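What's in model-v3.csv: CSV, C-alpha atoms and all ligand atoms
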chain,number,residue,atom,x,y,z
A,1,MET,CA,-8.0,-11.8,-13.5
A,2,SER,CA,-5.9,-8.7,-12.6
A,3,ARG,CA,-2.2,-8.9,-12.0
A,4,VAL,CA,-1.3,-7.4,-8.7
A,5,LEU,CA,2.1,-6.0,-7.9
A,6,VAL,CA,2.9,-5.5,-4.1
A,7,LEU,CA,5.6,-3.0,-3.8
A,8,PHE,CA,6.9,-3.5,-0.3
A,9,ALA,CA,9.1,-1.0,1.6
A,10,HIS,CA,10.3,-1.5,5.2
A,11,PRO,CA,13.8,-0.3,6.1
A,12,ALA,CA,14.1,-2.5,9.2
A,13,VAL,CA,12.2,-5.6,8.4
A,14,GLU,CA,14.1,-7.5,11.1
A,15,LYS,CA,12.4,-5.3,13.7
A,16,SER,CA,8.9,-5.5,12.1
A,17,ARG,CA,6.0,-7.2,13.9
A,18,VAL,CA,3.2,-6.2,11.5
A,19,HIS,CA,4.6,-6.3,8.0
A,20,ILE,CA,6.5,-9.5,8.6
A,21,LYS,CA,3.2,-11.1,9.4
A,22,LEU,CA,1.5,-9.6,6.3
A,23,MET,CA,4.4,-10.8,4.1
A,24,LYS,CA,3.9,-14.3,5.3
A,25,HIS,CA,0.3,-14.1,4.1
A,26,ILE,CA,0.9,-12.8,0.6
A,27,PRO,CA,-0.8,-15.5,-1.4
A,28,ALA,CA,1.3,-17.7,-3.6
A,29,HIS,CA,-0.9,-16.9,-6.6
A,30,GLN,CA,0.2,-16.5,-10.2
A,31,GLY,CA,-1.5,-13.1,-10.4
A,32,ILE,CA,0.3,-11.7,-7.4
A,33,THR,CA,3.9,-10.5,-7.4
A,34,PHE,CA,5.7,-9.5,-4.2
A,35,HIS,CA,8.5,-7.0,-4.8
A,36,ASP,CA,10.7,-6.0,-1.8
A,37,LEU,CA,12.3,-2.6,-2.6
A,38,TYR,CA,14.8,-2.4,0.3
A,39,GLU,CA,15.9,-5.9,-0.4
A,40,LEU,CA,16.5,-5.3,-4.1
A,41,TYR,CA,17.9,-1.8,-3.8
A,42,PRO,CA,19.7,-1.4,-0.4
A,43,ASP,CA,21.8,1.3,-2.0
A,44,PHE,CA,18.8,3.1,-3.5
A,45,GLN,CA,20.1,2.5,-7.1
A,46,ILE,CA,16.7,1.7,-8.6
A,47,ASP,CA,16.7,-0.1,-11.9
A,48,VAL,CA,14.2,2.2,-13.7
A,49,ASP,CA,13.8,0.1,-16.8
A,50,GLN,CA,13.1,-3.1,-14.8
A,51,GLU,CA,10.6,-1.2,-12.5
A,52,GLN,CA,8.8,0.3,-15.5
A,53,LYS,CA,8.5,-3.1,-17.2
A,54,LEU,CA,7.2,-4.6,-14.0
A,55,MET,CA,4.5,-1.9,-13.8
A,56,GLU,CA,3.6,-2.4,-17.5
A,57,ASN,CA,3.0,-6.1,-16.7
A,58,HIS,CA,0.7,-5.5,-13.8
A,59,ASP,CA,-2.8,-3.9,-13.4
A,60,ILE,CA,-3.0,-3.1,-9.7
A,61,ILE,CA,0.0,-1.6,-7.8
A,62,VAL,CA,-0.2,-1.9,-4.0
A,63,LEU,CA,2.3,0.2,-2.0
A,64,GLN,CA,2.8,-1.8,1.2
A,65,HIS,CA,4.7,-0.1,4.0
A,66,PRO,CA,4.5,1.3,7.5
A,67,ILE,CA,3.6,5.0,7.9
A,68,TYR,CA,6.8,6.9,8.8
A,69,TRP,CA,6.5,10.6,9.7
A,70,TYR,CA,3.0,10.7,8.1
A,71,SER,CA,4.3,9.4,4.9
A,72,ALA,CA,6.2,6.4,3.4
A,73,PRO,CA,9.7,5.1,4.1
A,74,ALA,CA,12.3,7.0,1.9
A,75,ILE,CA,12.7,4.3,-0.8
A,76,VAL,CA,9.1,4.8,-1.8
A,77,LYS,CA,9.8,8.4,-2.6
A,78,GLN,CA,13.0,7.5,-4.5
A,79,TRP,CA,11.0,4.9,-6.4
A,80,LEU,CA,8.3,7.4,-7.4
A,81,ASP,CA,10.8,10.1,-8.3
A,82,LEU,CA,12.8,7.8,-10.6
A,83,VAL,CA,10.3,5.3,-12.0
A,84,LEU,CA,7.4,7.6,-12.9
A,85,GLU,CA,9.2,9.4,-15.7
A,86,HIS,CA,7.8,12.2,-17.8
A,87,GLY,CA,6.8,10.9,-21.2
A,88,TRP,CA,6.2,7.5,-19.8
A,89,ALA,CA,4.0,7.9,-16.7
A,90,TYR,CA,2.7,11.4,-17.3
A,91,GLY,CA,2.9,14.3,-19.7
A,92,SER,CA,1.5,14.8,-23.1
A,93,SER,CA,3.0,11.5,-24.4
A,94,GLY,CA,3.1,9.5,-21.1
A,95,PHE,CA,0.3,7.0,-20.9
A,96,ALA,CA,2.0,3.8,-19.8
A,97,LEU,CA,0.0,3.6,-16.6
A,98,LYS,CA,-3.4,4.8,-18.0
A,99,GLY,CA,-6.2,2.8,-16.4
A,100,LYS,CA,-4.0,0.9,-13.9
A,101,VAL,CA,-4.8,1.1,-10.2
A,102,MET,CA,-2.7,2.3,-7.3
A,103,MET,CA,-3.5,1.9,-3.6
A,104,SER,CA,-1.7,1.8,-0.3
A,105,ALA,CA,-1.5,-1.0,2.3
A,106,ILE,CA,-0.2,0.7,5.4
A,107,SER,CA,0.2,0.3,9.1
A,108,CYS,CA,0.2,3.2,11.6
A,109,GLY,CA,1.3,3.4,15.3
A,110,GLY,CA,-1.6,5.8,15.9
A,111,ALA,CA,-5.1,4.5,16.6
A,112,LEU,CA,-8.0,5.3,14.3
A,113,GLU,CA,-9.4,7.9,16.7
A,114,THR,CA,-6.1,9.8,16.6
A,115,TYR,CA,-6.6,10.3,12.9
A,116,THR,CA,-9.7,12.4,13.2
A,117,GLU,CA,-10.5,16.1,13.3
A,118,THR,CA,-10.6,16.1,17.1
A,119,GLY,CA,-7.8,13.5,17.5
A,120,ARG,CA,-4.1,14.1,18.0
A,121,ASN,CA,-3.2,13.9,14.3
A,122,LYS,CA,-6.1,16.2,13.2
A,123,LYS,CA,-6.5,14.7,9.8
A,124,LYS,CA,-7.8,11.4,8.5
A,125,ILE,CA,-5.4,8.9,6.9
A,126,PRO,CA,-6.7,9.5,3.3
A,127,GLU,CA,-5.7,13.1,3.7
A,128,PHE,CA,-2.2,12.1,4.6
A,129,LEU,CA,-2.2,9.9,1.5
A,130,PHE,CA,-3.1,12.9,-0.8
A,131,PRO,CA,0.4,12.9,-2.4
A,132,PHE,CA,0.0,9.3,-3.5
A,133,GLU,CA,-3.6,9.8,-4.6
A,134,PHE,CA,-2.6,12.8,-6.8
A,135,THR,CA,0.5,11.2,-8.1
A,136,ALA,CA,-1.7,8.3,-9.3
A,137,ARG,CA,-4.2,10.7,-10.8
A,138,LEU,CA,-1.5,12.6,-12.6
A,139,CYS,CA,-0.4,9.3,-14.1
A,140,ASN,CA,-3.9,8.6,-15.3
A,141,MET,CA,-4.3,5.8,-12.8
A,142,ASP,CA,-7.3,5.0,-10.6
A,143,TYR,CA,-6.6,5.5,-6.9
A,144,TRP,CA,-8.5,3.1,-4.6
A,145,PRO,CA,-9.1,3.3,-0.9
A,146,PRO,CA,-6.2,2.1,1.4
A,147,PHE,CA,-5.9,-1.0,3.5
A,148,VAL,CA,-4.9,0.3,6.9
A,149,ILE,CA,-3.9,-1.3,10.2
A,150,HIS,CA,-4.1,1.1,13.1
A,151,GLY,CA,-2.6,1.1,16.6
A,152,THR,CA,0.2,-1.3,15.8
A,153,HIS,CA,2.0,-0.9,19.1
A,154,LYS,CA,-1.0,-2.4,21.0
A,155,LEU,CA,-1.9,-5.2,18.6
A,156,SER,CA,-1.7,-8.7,20.0
A,157,ASP,CA,-0.3,-11.6,18.0
A,158,THR,CA,-3.9,-12.7,17.3
A,159,ASP,CA,-4.9,-9.2,16.1
A,160,MET,CA,-1.9,-9.3,13.7
A,161,LEU,CA,-2.7,-12.7,12.4
A,162,LEU,CA,-6.3,-11.7,11.7
A,163,HIS,CA,-5.2,-8.5,9.9
A,164,ALA,CA,-2.8,-10.6,7.9
A,165,LEU,CA,-5.7,-13.0,6.9
A,166,GLN,CA,-7.8,-9.9,6.0
A,167,PHE,CA,-4.9,-8.6,3.8
A,168,GLU,CA,-4.6,-12.0,2.2
A,169,GLN,CA,-8.3,-12.0,1.4
A,170,MET,CA,-8.1,-8.5,-0.1
A,171,LEU,CA,-5.1,-9.5,-2.4
A,172,LEU,CA,-7.0,-12.5,-3.6
A,173,ALA,CA,-10.1,-10.4,-4.2
A,174,LEU,CA,-8.0,-7.8,-6.1
A,175,ALA,CA,-6.5,-10.5,-8.3
A,176,GLY,CA,-9.8,-12.1,-8.9
A,177,ASP,CA,-11.6,-8.8,-9.8
A,178,ARG,CA,-14.0,-9.5,-6.9
A,179,ILE,CA,-14.3,-5.9,-5.7
A,180,SER,CA,-17.1,-4.0,-7.5
A,181,PRO,CA,-16.8,-0.3,-8.2
A,182,ASP,CA,-19.8,0.3,-5.8
A,183,GLU,CA,-18.1,-1.5,-3.0
A,184,ARG,CA,-14.9,0.4,-3.5
A,185,LYS,CA,-16.6,3.7,-3.6
A,186,SER,CA,-18.6,3.0,-0.5
A,187,CYS,CA,-15.6,2.4,1.8
A,188,THR,CA,-13.0,4.6,3.4
A,189,TYR,CA,-10.7,1.7,4.0
A,190,MET,CA,-10.6,-1.5,2.0
A,191,ASN,CA,-10.6,-3.4,5.3
A,192,GLU,CA,-14.3,-2.7,5.5
A,193,LEU,CA,-15.0,-5.1,2.7
A,194,PHE,CA,-13.2,-7.9,4.6
A,195,PRO,CA,-14.7,-7.8,8.1
A,196,ILE,CA,-12.9,-9.6,10.9
A,197,PRO,CA,-14.7,-10.9,14.0
A,198,LYS,CA,-15.9,-8.1,16.3
A,199,THR,CA,-14.3,-9.7,19.3
A,200,ILE,CA,-10.8,-8.9,18.1
A,201,GLN,CA,-11.4,-5.6,16.3
A,202,SER,CA,-9.2,-2.9,17.9
B,301,LIG,C1,10.7,6.4,11.9
B,301,LIG,C2,9.3,6.1,12.3
B,301,LIG,C3,8.3,7.0,12.0
B,301,LIG,C4,7.0,6.7,12.4
B,301,LIG,N1,6.0,7.7,12.1
B,301,LIG,C5,4.7,7.4,12.3
B,301,LIG,C6,3.7,8.3,12.0
B,301,LIG,O1,3.9,9.4,11.4
B,301,LIG,N2,2.4,8.0,12.3
B,301,LIG,C7,2.1,6.8,12.9
B,301,LIG,O2,0.9,6.5,13.1
B,301,LIG,N3,3.0,5.9,13.2
B,301,LIG,C8,4.3,6.2,13.0
B,301,LIG,N4,5.3,5.2,13.3
B,301,LIG,C9,4.9,3.9,13.8
B,301,LIG,C10,4.9,2.9,12.7
B,301,LIG,O3,4.0,3.2,11.6
B,301,LIG,C11,4.6,1.5,13.2
B,301,LIG,O4,5.6,1.2,14.2
B,301,LIG,C12,4.6,0.5,12.1
B,301,LIG,O5,3.5,0.7,11.3
B,301,LIG,C13,4.6,-1.0,12.6
B,301,LIG,O6,4.8,-1.9,11.6
B,301,LIG,P1,6.0,-2.9,11.7
B,301,LIG,O7,5.8,-3.7,12.9
B,301,LIG,O8,5.9,-3.7,10.5
B,301,LIG,O9,7.3,-2.1,11.7
B,301,LIG,C14,6.6,5.5,13.0
B,301,LIG,C15,7.7,4.6,13.3
B,301,LIG,C16,9.0,4.9,13.0
B,301,LIG,C17,10.0,3.9,13.3
structure tokens encoding of this file:
Amino acid sequence: MSRVLVLFAHPAVEKSRVHIKLMKHIPAHQGITFHDLYELYPDFQIDVDQEQKLMENHDIIVLQHPIYWYSAPAIVKQWLDLVLEHGWAYGSSGFALKGKVMMSAISCGGALETYTETGRNKKKIPEFLFPFEFTARLCNMDYWPPFVIHGTHKLSDTDMLLHALQFEQMLLALAGDRISPDERKSCTYMNELFPIPKTIQS
């Protein structure tokens, strides 16, 4: 079994439609820890020691947040800047995270077709996630494909519920080591491994 840490960041969770639903479907499972950064650190005073211990005690780190300005909400950057210290996370003597996994679980207002070469955003989501991928690599972590929900403004309540169930399935599969390296390498988004019925796919 792997220990999964969901690092959640949403600066206005009271206005959220998507992540509030995802949060309700985080499984109550002993291998899954939900950690709400804005709730814990509304003043951005991150407890670096506690965050490092938390990371040491988990195997898979899931960064869960909406995409804001083609990146993450500010506290994710603050968290990365402060917690991933030289000599601990990276550098010639920094191997605390070696072999652990990092991945993103994100939602975007833009539809999938806008995140293509010919679409409005010109690049695919994994390209926008390069800073996270290369941060993970520098820290000797494996970087796995993201879980992505597109077109959030147009999602019905049913769509959101089904994405939340898909997210729940993925977290259980991560905790249960049920995603093989071949499956992981074959997908662009983790969602592909947890199909939802065609009738509601958007
Ligand atoms: C400040 C801000 C910046 C945003 N930037 C982007 C963006 O760069 N790309 C995108 O696809 N959606 C963007 N969005 C849309 C959000 O990603 C979308 O509203 C969110 O994923 C919905 O999740 P929620 O209902 O949990 O808030 C932005 C929204 C806000 C409020």
(message) Need the shell around range 137-143 of chain A: protein/DNA/RNA residues with any atom at most 8 Å away, counting only C-alpha atoms. Skip same-chain ones fewer than 5 positions apart. Format as a ChimeraX atom specification?
(response) /A:89-90,94-95,97-103
(message) Could you tell me how far atom C1 of ligand LIG 301 (chain B) sits from CA of Ile149 in chain A, in Å to one decimal place?
(response) 16.6 Å
Using all atoms listed in the file, tabulate the residues of chain A lying at most 7 Å from any atom of ligand LIG 301 (chain B), each with its closest atom pair and that distance in Å to one decimal, by chain and increasing residue number, as CSV.
residue,atom,partner,partner_atom,distance
A:Val13,CA,B:LIG301,O9,6.9
A:Lys15,CA,B:LIG301,O9,6.3
A:Ser16,CA,B:LIG301,O7,3.7
A:Arg17,CA,B:LIG301,O7,3.6
A:Val18,CA,B:LIG301,O8,3.8
A:His19,CA,B:LIG301,O8,3.8
A:Ile20,CA,B:LIG301,O8,6.1
A:Pro66,CA,B:LIG301,O5,4.0
A:Ile67,CA,B:LIG301,O3,4.1
A:Tyr68,CA,B:LIG301,N1,3.5
A:Trp69,CA,B:LIG301,O1,3.3
A:Tyr70,CA,B:LIG301,O1,3.7
A:Ser71,CA,B:LIG301,O1,6.5
A:Ile106,CA,B:LIG301,O5,7.0
A:Ser107,CA,B:LIG301,O5,4.0
A:Cys108,CA,B:LIG301,O2,3.7
A:Gly109,CA,B:LIG301,N3,3.7
A:Gly110,CA,B:LIG301,O2,3.8
A:Thr152,CA,B:LIG301,C13,5.4
A:His153,CA,B:LIG301,O4,6.4
(request) Give as a PyMOL selection string every residue, naming chains and numbers as the document does, that has an atom within 10 Å of (5.8, -10.6, 3.9), counting only C-alpha atoms. (result) chain A and resi 6+8+13+18-27+34-36+64+164
(request) Counting only C-alpha atoms, figure out which residue out of A:His163, A:His29, A:Arg3, A:Arg184 gets nearest to Glu56 in chain A. (result) A:Arg3
Need to verify the contact set: Lys122 in chain A, 12 Å, all atoms listed in the file, exclusion of same-chain residues closer than 6 positions in sequence. Can you return it as a short mmCIF file (atom, residue, chain, number, x, y, z; two decimals) with C-alpha atoms, in the coordinates of the input?
data_model
loop_
_atom_site.label_atom_id
_atom_site.label_comp_id
_atom_site.auth_asym_id
_atom_site.auth_seq_id
_atom_site.Cartn_x
_atom_site.Cartn_y
_atom_site.Cartn_z
CA TYR A 70 3.00 10.70 8.10
CA GLY A 110 -1.60 5.80 15.90
CA LEU A 112 -8.00 5.30 14.30
CA GLU A 113 -9.40 7.90 16.70
CA THR A 114 -6.10 9.80 16.60
CA TYR A 115 -6.60 10.30 12.90
CA THR A 116 -9.70 12.40 13.20
CA PHE A 128 -2.20 12.10 4.60
#
(message) Give me, as a list of chain:residue names, all polymer residues having an atom no more than 7 Å from Ala175 in chain A, counting all atoms listed in the file and skipping those fewer than 4 positions away in the same chain.
(response)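 Everything that qualifies: A:Met1, A:Ser2, A:Arg3, A:Val4, A:Gly31, A:Ile32, A:Leu171.
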(message) Counting all atoms listed in the file, find residues at most 7 Å from (10.5, 3.3, 6.8) (file frame) and give them as JSON, numbers by chain.
(response) {"A": [9, 10, 11, 66, 68, 72, 73, 74]}
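Comparing the minimum interatomic distances between Glu192 in chain A and each of A:Val148, A:Leu80, A:Met160, A:Leu172, counting all atoms listed in the file, we find that A:Val148 sits nearest.
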(request) Calculate how many Å separate CA of Val48 in chain A from CA of Trp79 in chain A, rounding to one decimal. (result) 8.4 Å
(request) Could you check which of A:Gln166, A:Ile61, A:His86, A:Pro195 is closest to Ala136 in chain A, using only C-alpha atoms? (result)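 Smallest separation from Ala136 in chain A among the options: A:Ile61.
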(request) Kindly indicate which residue among A:Asp177, A:Glu183, A:Asp47, A:Glu14 lies nearest to Asp59 in chain A, using only C-alpha atoms for the distances. (result)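 Looking at the shortest contact to Asp59 in chain A, the residue is A:Asp177.
One distance worth recording is that between CA of Glu127 in chain A and CA of Pro145 in chain A, which is 11.3 Å.
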(message) I'd like to know which of A:Ala105, A:Gln45, A:Trp88, A:Ser186 is closest to Glu168 in chain A, using only C-alpha atoms.
(response) A:Ala105
(request) Rank nothing, just name the residue among A:Leu193, A:Gly151, A:Pro42, A:Ser104 nearest to Glu133 in chain A, using only C-alpha atoms. (result) A:Ser104
For range 155-166 of chain A, supply N, CA and C atoms and report the output as a PDB file, in the frame of the given file.
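So result-v8.pdb came out as:
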ATOM      1  N   LEU A 155      -1.256  -4.042  19.199  1.00  0.00           N
ATOM      2  CA  LEU A 155      -1.900  -5.200  18.600  1.00  0.00           C
ATOM      3  C   LEU A 155      -1.300  -6.510  19.220  1.00  0.00           C
ATOM      4  N   SER A 156      -2.182  -7.415  19.541  1.00  0.00           N
ATOM      5  CA  SER A 156      -1.700  -8.700  20.000  1.00  0.00           C
ATOM      6  C   SER A 156      -1.325  -9.581  18.820  1.00  0.00           C
ATOM      7  N   ASP A 157      -0.710 -10.710  19.084  1.00  0.00           N
ATOM      8  CA  ASP A 157      -0.300 -11.600  18.000  1.00  0.00           C
ATOM      9  C   ASP A 157      -1.597 -12.081  17.239  1.00  0.00           C
ATOM     10  N   THR A 158      -2.681 -12.292  17.986  1.00  0.00           N
ATOM     11  CA  THR A 158      -3.900 -12.700  17.300  1.00  0.00           C
ATOM     12  C   THR A 158      -4.472 -11.620  16.432  1.00  0.00           C
ATOM     13  N   ASP A 159      -4.455 -10.379  16.928  1.00  0.00           N
ATOM     14  CA  ASP A 159      -4.900  -9.200  16.100  1.00  0.00           C
ATOM     15  C   ASP A 159      -4.109  -9.211  14.793  1.00  0.00           C
ATOM     16  N   MET A 160      -2.799  -9.369  14.933  1.00  0.00           N
ATOM     17  CA  MET A 160      -1.900  -9.300  13.700  1.00  0.00           C
ATOM     18  C   MET A 160      -2.228 -10.384  12.750  1.00  0.00           C
ATOM     19  N   LEU A 161      -2.435 -11.565  13.306  1.00  0.00           N
ATOM     20  CA  LEU A 161      -2.700 -12.700  12.400  1.00  0.00           C
ATOM     21  C   LEU A 161      -4.049 -12.427  11.675  1.00  0.00           C
ATOM     22  N   LEU A 162      -5.044 -11.911  12.392  1.00  0.00           N
ATOM     23  CA  LEU A 162      -6.300 -11.700  11.700  1.00  0.00           C
ATOM     24  C   LEU A 162      -6.236 -10.563  10.679  1.00  0.00           C
ATOM     25  N   HIS A 163      -5.439  -9.541  10.966  1.00  0.00           N
ATOM     26  CA  HIS A 163      -5.200  -8.500   9.900  1.00  0.00           C
ATOM     27  C   HIS A 163      -4.491  -9.086   8.731  1.00  0.00           C
ATOM     28  N   ALA A 164      -3.563  -9.990   9.005  1.00  0.00           N
ATOM     29  CA  ALA A 164      -2.800 -10.600   7.900  1.00  0.00           C
ATOM     30  C   ALA A 164      -3.756 -11.468   7.040  1.00  0.00           C
ATOM     31  N   LEU A 165      -4.685 -12.161   7.693  1.00  0.00           N
ATOM     32  CA  LEU A 165      -5.700 -13.000   6.900  1.00  0.00           C
ATOM     33  C   LEU A 165      -6.573 -12.059   6.110  1.00  0.00           C
ATOM     34  N   GLN A 166      -6.914 -10.910   6.703  1.00  0.00           N
ATOM     35  CA  GLN A 166      -7.800  -9.900   6.000  1.00  0.00           C
ATOM     36  C   GLN A 166      -7.001  -9.381   4.771  1.00  0.00           C
TER      37      GLN A 166
END
